[in-house]
Amino acid sequence: MSDPSELPAPNTNVDLSDNPFAALLQPATPQLDSITEKNLPGNEIKDSAVSMETGSQGDQKSQSEIKSLADEKLQINNIIQRIFLITVDKEPVAIANEVPSHCVYLPDLAQENFWLDWDNLDQGLFERLLMQNASQHVIDTTGTNLRNNRAESEAKESSVVHYLLACYNRARKQLKLQDSKKGMIERCRMLIVSYTVTALTTPEVMAMDAIHSQIVDLFTEKYSSGDLDVLLVYLDAVCKSLEEDGEYDMEQTFMPLLEITYDRLVGHKSIMNSSNHIFYEVVKFFTSRPSLAKVLLKHVTPKDINQGREYEKNCLGCLLSLSCLVRSERGPAEFFDKPARSSQQEHNVTEAALWPPISLMNEKLCQLLLALLKSAPDIKHGVLEWLGNCLQANSGRAKIWNIMNNRQLFASDGFMLNLGSVLLQLCKPFTVSVTDKLMKIDPTYCKVNVNTADEMVNTGVHTKGLSKETCLVQLEENEEPVATRPPYNFTTEIFYMTHWCLRLGFHCIYSQFTRLTRDLNRIQRTFEDARRMNQDRFGGGAADDVIQRLKDEMDRGMTVFLCMKAALLEPQQLQMNFDLVKATSVYLCHYAVTDDSETVIKPTFPLPDSKCKTLSCLPELLAENILDIVLFLYRFNHPVFQSAGPTLHHLMSFITLYMGSPQRMTNPHLRARMAETLETLMPSERAGLLCSMSSRDDLYKQTPLAKLLSTALIHVFVSIECTGDPHQFEQKFNYRRPMYKVLDYIWNMDVHKESIKELCVEAEKDIDAVNPPLFLRFINLLLNDSIFLLDEAFQLLTQVKDMQKARDNDEWKELSTRERSERESMLNGYIQLTRFHNIMSNDTIHTLKFLTKEIQSIFICPSMVDRVAAMLNYFLLHLVGPKMGSLKVKDFSELDFKPQQLVADICQIYINLGSSEIFRLAVSGDGRSYSDKLFPSAIRVLNKIGRQELIEEVEKFAKIVKDCAIQQEHEEEILGEIPEEFLDPIMSTLMSDPVLLPTSNHTVDRTTIARHLLSDPSDPFNRKTLSMEQVIPNNELKKKIEDWKQKHRQSSNSTQEGAAAMDDVVQWAEDSSLMDQGATSQSSTDDSMSLG
């Protein structure tokens, strides 16, 4: 279009008082190659049927030439009318289909012109655009006066942009119908584009200020009608004209379009709002050209790139934040409001209805990002920089404290979850199937630290902060670090960005979800207690504010719970998550055995001995995401996981390689969590038909690294004993809970049973080694757990019984409501704690039972046998002895207390180890718990619970142990009182192999310190580091003890010999007396006979 100063001046009849550019409007002289028609009188060309007069003009041109010019003039007039729906002729046309049925009559232009042509089109179009009451000037060009609402509506369009778009679309249609008139139509099209540019860049010329709002409205209309392509082609032509002109600022021209779109998005922020897809199309339009993409990047980049929440305050951020999650903890909920009023089926329907819009929007946003990434190199850099800055600004979400207390500082959960879904889609080329594409991911990426934009461009690293992440292993101080290899490719960047985003999004939401579940359980228990107290005190008739408040809190919590569940369980996202798990497992398995990065290597047994330094570059968050996703899928028994089939072998290999290997993964907590993940791979009834028992059995039996699994499990069981964490004691029991279940499961598989037996054989060979063998340490910790858990369970059971008794006897009735609530809360806490200890103690005793059935030697070694015997005696006494009544609570099942099973399992362990004389002596020598009444009491219980198959074996064992006890009592009588220096200071028993501890200068028995060091590598007297190789045999004291024992035995023997001699004398005397009596009797008999 011409410069605004060259625009035609309007007629004085047109009101331009409000137009600041009115003075600049002069008659236009378009720079177009057209036919000059100034010399043609209007009345000579107005009607093609009139005859051509001759005269001075006839001397210059022939009548045929004039006729040709007139035809062309008519064609131009008709084309302009068809495209712009304007006219300067009120008379109806002779041929109705030559022009539109309805046009807008231009009175000002008609005063000086009889035709529409190139000379007056500019002025006519300008008059049409400025016309405030176009509807009053619409005329029927056919003269039929028939109503045509559509044609009339198109002609009187008042919106500038709507009118120009319609003109552009009519021009395109005319081009298809009249290809021969292409040049004329193209001139019209160019003029339309030119006026649109003017409207966008200088809307004051058109006396309008809502041009950008009109464009957004057009997106709405065309999206709804399915004609969006027409608008996009039109706008693309406008952008092309702006770019070619080079005088206009694209940001100034189009930024208002994004700002208006954002305002409308914020005003209708709901995942179920169909307008979201219209606004998405507006944003997507900005990906069509690099010049527009720069405007979009400017729009989405916050002024302060370090403020995480600011990344939501733009069109892209607003679309990413569309979610079913609640926006505030106390604000209104869009979904699942008042959940108690709806059934589970209704909740399921709502959940399923939410998934399609979430999935569809994320797919579209992925297409948008992909279009930007392909737009131009500088745009690609800008998009990756935005992603990296966004993740860095929201890295504080990984801290629980920030999520709970400073949520307003970071992007919302919905934003991060959706961004993760979008990035997962970008990862599909290398996650859907396992190929060598994975090797394009460079493991050294996370070791590069960047701070400036230039560094990002040069290195291909746009994620700030990943270099600070803890890696799987740490190199020694003298080890050379792995060399970095910039610049890095897109595959590498998107892989690590996705994992980091999942850590900040999925992981954080899942953690909140888990905490919320615990809180809801606690509120539920408190609610039930409060309702019961209300029932007891008021008969349930009085309203209680506490009950209502708890009910409201529970209702709100359930709303948040259901929203989180729906967001996390979106099927497409879960499938992509699992694909990433599979690909990352293969990737980590590869670098567990080699530093080579050419082709994917699947580990096989035996593994190489060499250490892979690449692991020092890989962040722990890769493994953490694998575990989070698998545990979540298992928790909800999701089909994505249950139908995974052979792909689970990759996950099994990953767990086997890393779980028991500190050389590959230093963090013991992370390795311990793998045991929980290992439990998810076991067959279970809840898996249903999608996962057969045999396929999961095969997973444990036929994996290439199956032989290593049991060793890895036992290794991590031992390694979490001492993690350096202040809460390590409590943590270890939570970590070991799934380990017991997995051990029980794999014990029935020959490949794993034989591996465990081999560990036992190795332990027996090295039982006195400086570094205790793995299996010996495992058995020691197993005994430690059993002793602590069962003893703690028994104490808690007693407390629960006493508190329940006090409550049931109405001893709490006199307490205030607050005090009663506190007591109820305390009782619930004891119940939960008791239940946990019972579950764990059941598992530990069961593990001891099946291990001792086929492995006995390690349990009866000198450092173990006394502890095993004492433990079994102590617990059996509590279960069947005179104090068994103290464990009798109201409901055993509520506390998972199984006394009958415990008695049977303990008796079975006695039988398993009963063939060993050392063990029998240890049982009978336990002066704390053993008595000759112990096993008869146990037999009575076994008979009562119907375990007759154990009774005969226990009776045999009891008889032998009783004989041993008699023998030991005799031995103790012989030795008498033991000198203090011969007693072990820890166990108070006679030492057999005293050793000196150099760190504290105390002397203890070798078995005592060996047993202690299995659990704690420190001196028990001063906590200094100590190992068995440091202890010094105290041979002098040992000889004293042996001499003392020998002396007492000899003295006892002498006494016994004297006693035996005396017994012989007494016997001889008794025999002699009997003989004398016999002789006298015989003599009397003879006398009697003789007398007779």
# chains A, B, ... in the order shown; residues from 1 in each chain; ligands from 1
call {"tool": "select_by_dssp", "arguments": {"residues": "region 449-668 of chain A", "states": "alpha helix (DSSP H)", "output": "ChimeraX atom specification"}}
result
/A:453-459,490-504,506-538,545-568,571-593,621-635,639-642,648-659,668
call {"tool": "write_last_selection", "arguments": {"atoms": "C-alpha atoms", "output": "compact mmCIF listing (two decimals), in the first residue's frame"}}
result
# COMPACT_ATOMS: atom_id res chain seq x y z
CA ALA A 453 23.99 -17.13 26.67
CA ASP A 454 27.21 -17.38 24.68
CA GLU A 455 28.35 -20.34 26.75
CA MET A 456 25.00 -22.00 26.11
CA VAL A 457 25.31 -21.56 22.36
CA ASN A 458 28.91 -22.79 22.27
CA THR A 459 28.42 -25.83 24.51
CA PHE A 490 19.37 -31.98 21.10
CA THR A 491 18.76 -35.60 22.14
CA THR A 492 21.13 -35.20 25.06
CA GLU A 493 19.58 -31.92 26.17
CA ILE A 494 15.99 -33.08 26.01
CA PHE A 495 16.80 -36.33 27.86
CA TYR A 496 18.30 -34.57 30.87
CA MET A 497 15.78 -31.71 30.78
CA THR A 498 12.94 -34.23 30.89
CA HIS A 499 14.39 -36.08 33.86
CA TRP A 500 14.99 -32.84 35.71
CA CYS A 501 11.47 -31.64 34.95
CA LEU A 502 10.01 -34.94 36.22
CA ARG A 503 11.99 -34.47 39.41
CA LEU A 504 10.51 -31.01 39.92
CA PHE A 506 5.96 -35.60 38.96
CA HIS A 507 8.19 -36.43 41.94
CA CYS A 508 7.05 -33.41 43.99
CA ILE A 509 3.37 -34.03 43.30
CA TYR A 510 3.72 -37.74 44.06
CA SER A 511 5.46 -36.89 47.35
CA GLN A 512 2.62 -34.51 48.26
CA PHE A 513 0.14 -37.18 47.25
CA THR A 514 1.81 -39.71 49.58
CA ARG A 515 1.84 -37.27 52.50
CA LEU A 516 -1.77 -36.36 51.84
CA THR A 517 -2.75 -40.03 51.95
CA ARG A 518 -1.14 -40.38 55.38
CA ASP A 519 -2.82 -37.20 56.58
CA LEU A 520 -6.23 -38.41 55.41
CA ASN A 521 -5.75 -41.69 57.26
CA ARG A 522 -4.84 -39.76 60.39
CA ILE A 523 -7.86 -37.45 60.03
CA GLN A 524 -10.09 -40.46 59.43
CA ARG A 525 -8.93 -42.09 62.67
CA THR A 526 -9.32 -38.86 64.60
CA PHE A 527 -12.80 -38.39 63.15
CA GLU A 528 -13.86 -41.89 64.21
CA ASP A 529 -12.47 -41.32 67.70
CA ALA A 530 -14.25 -37.99 68.02
CA ARG A 531 -17.52 -39.50 66.84
CA ARG A 532 -17.18 -42.36 69.29
CA MET A 533 -16.50 -39.96 72.15
CA ASN A 534 -19.52 -37.90 71.14
CA GLN A 535 -21.61 -41.06 71.12
CA ASP A 536 -20.39 -42.07 74.58
CA ARG A 537 -20.91 -38.66 76.13
CA PHE A 538 -24.06 -37.38 74.41
CA ASP A 545 -18.02 -28.57 66.17
CA VAL A 546 -14.89 -30.71 66.29
CA ILE A 547 -16.61 -33.51 64.36
CA GLN A 548 -17.92 -31.10 61.73
CA ARG A 549 -14.54 -29.45 61.38
CA LEU A 550 -12.85 -32.82 60.93
CA LYS A 551 -15.48 -33.82 58.40
CA ASP A 552 -14.93 -30.63 56.40
CA GLU A 553 -11.18 -31.09 56.55
CA MET A 554 -11.50 -34.67 55.35
CA ASP A 555 -13.84 -33.61 52.55
CA ARG A 556 -11.40 -30.96 51.35
CA GLY A 557 -8.51 -33.38 51.62
CA MET A 558 -10.38 -35.94 49.52
CA THR A 559 -11.02 -33.30 46.86
CA VAL A 560 -7.30 -32.55 46.62
CA PHE A 561 -6.53 -36.29 46.68
CA LEU A 562 -8.91 -37.08 43.81
CA CYS A 563 -7.61 -34.15 41.74
CA MET A 564 -4.02 -35.27 42.22
CA LYS A 565 -4.90 -38.85 41.41
CA ALA A 566 -6.64 -37.84 38.19
CA ALA A 567 -3.69 -35.67 37.10
CA LEU A 568 -1.07 -38.31 37.88
CA PRO A 571 -2.83 -42.71 30.66
CA GLN A 572 -0.77 -41.21 27.87
CA GLN A 573 1.57 -39.49 30.28
CA LEU A 574 2.02 -42.70 32.29
CA GLN A 575 2.85 -44.66 29.14
CA MET A 576 5.48 -42.10 28.20
CA ASN A 577 6.82 -42.18 31.75
CA PHE A 578 7.21 -45.93 31.58
CA ASP A 579 8.88 -45.71 28.16
CA LEU A 580 11.39 -43.31 29.71
CA VAL A 581 11.92 -45.76 32.60
CA LYS A 582 12.67 -48.53 30.13
CA ALA A 583 15.06 -46.41 28.06
CA THR A 584 16.86 -44.99 31.11
CA SER A 585 17.24 -48.47 32.61
CA VAL A 586 18.94 -49.68 29.43
CA TYR A 587 21.10 -46.57 29.39
CA LEU A 588 22.25 -47.01 33.00
CA CYS A 589 22.80 -50.75 32.53
CA HIS A 590 25.08 -49.98 29.62
CA TYR A 591 27.29 -47.58 31.57
CA ALA A 592 27.33 -49.92 34.56
CA VAL A 593 29.59 -52.28 32.60
CA LEU A 621 17.91 -38.21 39.68
CA LEU A 622 17.92 -40.64 36.73
CA ALA A 623 17.60 -43.56 39.14
CA GLU A 624 15.24 -41.69 41.46
CA ASN A 625 12.80 -41.06 38.62
CA ILE A 626 12.85 -44.73 37.63
CA LEU A 627 11.96 -45.79 41.17
CA ASP A 628 9.27 -43.11 41.62
CA ILE A 629 7.47 -43.99 38.41
CA VAL A 630 7.58 -47.76 38.93
CA LEU A 631 6.36 -47.53 42.52
CA PHE A 632 3.53 -45.23 41.48
CA LEU A 633 2.44 -47.55 38.67
CA TYR A 634 2.54 -50.51 41.04
CA ARG A 635 0.59 -48.70 43.74
CA PRO A 639 -2.18 -51.62 33.09
CA VAL A 640 0.84 -49.78 31.67
CA PHE A 641 2.98 -51.60 34.22
CA GLN A 642 1.13 -54.88 34.49
CA LEU A 648 10.57 -55.46 32.54
CA HIS A 649 13.79 -57.42 32.06
CA HIS A 650 15.54 -54.08 31.50
CA LEU A 651 14.27 -52.86 34.84
CA MET A 652 15.28 -56.09 36.57
CA SER A 653 18.80 -55.84 35.15
CA PHE A 654 19.07 -52.24 36.33
CA ILE A 655 18.03 -53.17 39.88
CA THR A 656 20.33 -56.18 40.02
CA LEU A 657 23.34 -54.21 38.79
CA TYR A 658 23.00 -51.24 41.11
CA MET A 659 21.18 -52.45 44.23
CA PRO A 668 22.72 -46.57 50.25
call {"tool": "residues_around", "arguments": {"residues": "Gln214 (chain A)", "least_positions_apart": "5", "cutoff": "8 Å", "atoms": "only C-alpha atoms", "output": "list of chain:residue names"}}
result
A:Ser159, A:Val161, A:His162
call {"tool": "atom_distance", "arguments": {"atom1": "CA of Glu971 (chain A)", "atom2": "CA of Arg920 (chain A)"}}
result
15.5 Å
call {"tool": "closest_residue", "arguments": {"among": "A:Leu1037, A:Val800, A:Leu130, A:Ile746", "to": "Glu824 (chain A)", "atoms": "only C-alpha atoms"}}
result
A:Val800
